[in-house]
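One structure below.
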Amino acid sequence: MAEVSTVAVVGAGTMGSRIAYRALFSGGHRVVLTDTDAPRLDKVVSEAPDVAQRMCERGFRTRPQVDRALRRFSGTPDLAAAVADADLVIEAVNEDRKLKLDLWRRLDRYCAGHAILATNSSTYFASELAAGTGRVHRACGMHFSSPLTMLSLCEVSRTPVTEEAVVDAVVSFLRRLECVPVVLTGEVFGHVCNRLLLLLVDEALRLVAAGHVAAPDVDVAVKTGLGFPYGPFELIDHVGFDAMQEMLREAAQRGLTAPPPVSTQEGSGGVSTR
Ligand SMILES: NC(=O)c1ccc[n+]([C@@H]2O[C@H](COP(=O)([O-])OP(=O)(O)OC[C@H]3O[C@@H](n4cnc5c(N)ncnc54)[C@H](O)[C@@H]3O)[C@@H](O)[C@H]2O)c1
């Protein structure tokens, strides 16, 4: 297919707003952002000139470049209008299966036939979300790392029937965004990064729960001995204990890790470092 020219980003939250800005200022695409939360949508759209200003001040972009980009940016709470002209739709709504399934069915109705549908979900596969649509062959996962302002990775995963042209178009789109694409041959829980991080966190919790070492010392060991920028317990604090526990439960259910050996309630064994 031809290059992606117009992108619709569905969900103007933490990820969607950053993906939209990136596609706008780095990719030079026409970007339409949509969200059911109108004040949030307005905020992200109205802050774009400030983002542009900072990029100019830091020498990343010139004034004419950002002015051109800003003219290509719009937001609307109307999903049908937002995606009507999109070559690529990136879904970044809350991690809620029912919400996403319902949304994908509507996207299928509103999008042009050639449009690619991608999900930024950390948990749900594009094949599952696209199952109720006629577009599994034009669907894929695009898992951007967070924070997108500092990390440029996007893990791309294909459904069993994603067309090669779709993967090519997504990879070329990501390169224009100055993102680094890593393409997986299929769909795997946790992609690459979360899968490895979950194993690290799981083992760290087991070491502390068994009384072999204190949590802060695990962080010191991982940062000093392995050269990681942060330790597993700092990561738990960053992601949030509940969210991390949910991911660990999911990892254990999917057989990635053994069931938790002990209660990892907040505070036990020095688990919470905040
Ligand atoms: N936050 C992260 O670090 C991170 C990293 C990688 C991937 N992800 C994935 O990105 C997705 C979004 O996560 P987030 O942290 O940006 O969430 P968020 O809660 O910050 O934002 C979600 C947005 O979706 C909007 N929304 C909900 N239903 C909608 C609908 N029907 N139509 C349009 N908008 C709707 C909400 O109003 C909200 O603004 C999730 O699937 C998550 O797994 C998150």
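Within each chain, counting starts at residue 1; across the structure tokens, chains are named A, B, ... in the order shown, with ligands numbered 1 upward in that order.
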
Exercise. So which residues touch A:Arg135 within 9 Å, counting only C-alpha atoms, skipping near sequence neighbours fewer than 3 positions away, as a list of chain:residue names?
Worked result: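 My list of contacting residues is A:Asp108, A:Gly113, A:Ile116, A:Leu117, A:Ala130, A:Ala131, A:Gly132, A:Arg138, A:Ala139, A:Thr162.
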
Problem set entry | Environment of ligand 1 within 7 Å, counting only C-alpha atoms and all ligand atoms, reported as a VMD selection string | chain A and resid 10 to 16 34 to 37 40 79 92 to 95 99 103 120 to 123 143 to 147

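The residues of stretch 42-254 of chain A that DSSP classifies as strand (DSSP E), using the backbone of this structure, are Phe73, Ser74, Gly75, Leu88, Val89, Ile90, Glu91, Ile116, Leu117, Ala118, Thr119, Ala139, Cys140, Gly141, Met142, His143, Phe144, Leu153, Cys154, Glu155, Val156, Ser157, Arg158, Val180, Pro181, Val182, Val183 and Leu184 of chain A.
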
Exercise. Using only C-alpha atoms, which residue out of A:Val180, A:Ala118, A:Cys56, A:Pro49 lies closest to A:Arg71?
Worked result: A:Pro49

Exercise. So which bits of stretch 136-250 of chain A end up alpha helix (DSSP H) when you DSSP the backbone, as an MDAnalysis selection string?
Worked result: chainID A and resid 164:176 193:209 215:225 232:239 241:250

Problem set entry | For A:Ala258: contacts at 12 Å, only C-alpha atoms, fewer than 4 positions along chain excluded, given as a ChimeraX atom specification | /A:198-199,202-203,206,248-254,262

Once you have the residues from the selection above, write them out as a tab-separated table (two decimals), in the first residue's frame, restricted to N, CA and C atoms.
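That gives us again05.tsv:
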```tsv
chain	number	residue	atom	x	y	z
A	198	LEU	N	9.02	-8.56	33.37
A	198	LEU	CA	8.18	-9.28	34.32
A	198	LEU	C	8.97	-10.42	34.98
A	199	LEU	N	9.81	-11.08	34.19
A	199	LEU	CA	10.63	-12.15	34.77
A	199	LEU	C	11.60	-11.57	35.80
A	202	ASP	N	9.59	-10.62	38.89
A	202	ASP	CA	9.14	-11.84	39.57
A	202	ASP	C	10.28	-12.46	40.39
A	203	GLU	N	11.44	-12.56	39.78
A	203	GLU	CA	12.59	-13.15	40.49
A	203	GLU	C	13.02	-12.25	41.65
A	206	ARG	N	10.80	-12.86	44.52
A	206	ARG	CA	11.06	-14.17	45.15
A	206	ARG	C	12.31	-14.09	46.03
A	248	LEU	N	1.71	-9.37	36.87
A	248	LEU	CA	2.35	-10.61	37.33
A	248	LEU	C	1.33	-11.75	37.40
A	249	ARG	N	0.10	-11.41	37.81
A	249	ARG	CA	-0.96	-12.44	37.85
A	249	ARG	C	-1.21	-12.97	36.44
A	250	GLU	N	-1.28	-12.04	35.49
A	250	GLU	CA	-1.52	-12.41	34.09
A	250	GLU	C	-0.36	-13.27	33.57
A	251	ALA	N	0.87	-12.88	33.94
A	251	ALA	CA	2.05	-13.65	33.49
A	251	ALA	C	2.01	-15.06	34.05
A	252	ALA	N	1.60	-15.20	35.32
A	252	ALA	CA	1.54	-16.53	35.94
A	252	ALA	C	0.43	-17.35	35.29
A	253	GLN	N	-0.71	-16.69	35.01
A	253	GLN	CA	-1.83	-17.41	34.38
A	253	GLN	C	-1.45	-17.92	33.00
A	254	ARG	N	-0.61	-17.15	32.30
A	254	ARG	CA	-0.22	-17.54	30.95
A	254	ARG	C	1.00	-18.46	30.96
A	262	VAL	N	4.55	-16.58	47.70
A	262	VAL	CA	4.13	-15.99	48.97
A	262	VAL	C	3.23	-14.81	48.67
```

For this session: Pick out the closest residue to A:Ala80 from this set: A:Ala8, A:Lys100, A:Gly59, A:Val136. Count only C-alpha atoms.
Result: A:Ala8

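One distance worth recording is that between atom CA of A:Tyr21 and atom CA of A:Leu33, which is 9.8 Å.
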
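Shell of A:Pro160 at 9 Å, with only C-alpha atoms counted and residues fewer than 4 places along the chain excluded, is Ser127, Val136, His137, Thr185, Gly186 and Glu187 of chain A.
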
Export of the given selection (N, CA and C atoms) as an mmCIF file, in the first residue's frame:
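Saved the output as result-v1.cif:
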```
data_model
loop_
_atom_site.group_PDB
_atom_site.id
_atom_site.type_symbol
_atom_site.label_atom_id
_atom_site.label_comp_id
_atom_site.auth_asym_id
_atom_site.auth_seq_id
_atom_site.Cartn_x
_atom_site.Cartn_y
_atom_site.Cartn_z
ATOM 1 N N SER A 127 -5.231 -9.692 16.988
ATOM 2 C CA SER A 127 -6.078 -10.748 16.398
ATOM 3 C C SER A 127 -7.367 -10.904 17.197
ATOM 4 N N VAL A 136 -8.810 -8.696 10.123
ATOM 5 C CA VAL A 136 -7.666 -9.259 10.863
ATOM 6 C C VAL A 136 -6.389 -9.162 10.024
ATOM 7 N N HIS A 137 -6.550 -9.240 8.702
ATOM 8 C CA HIS A 137 -5.379 -9.182 7.806
ATOM 9 C C HIS A 137 -4.789 -7.777 7.729
ATOM 10 N N THR A 185 7.453 -12.054 14.948
ATOM 11 C CA THR A 185 6.849 -12.884 13.895
ATOM 12 C C THR A 185 5.409 -13.257 14.244
ATOM 13 N N GLY A 186 5.018 -13.041 15.496
ATOM 14 C CA GLY A 186 3.648 -13.365 15.891
ATOM 15 C C GLY A 186 3.256 -12.519 17.081
ATOM 16 N N GLU A 187 2.249 -12.987 17.807
ATOM 17 C CA GLU A 187 1.762 -12.246 18.978
ATOM 18 C C GLU A 187 2.192 -12.990 20.235
#
```

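Here the question is which of A:Leu196, A:Val32, A:Met55, A:Ile90 gets nearest to A:Thr76 using only C-alpha atoms, and that residue is A:Val32.
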
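The closest residue to A:Ala86, picked from A:Leu200, A:Leu129, A:Val7, A:Tyr124 and counting only C-alpha atoms, is A:Val7.
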
Problem set entry | Between atom CA of A:Glu155 and atom CA of A:Arg176 - distance in Å to one decimal |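 Computed distance, atom CA of A:Arg176 to atom CA of A:Glu155, equals 15.3 Å.
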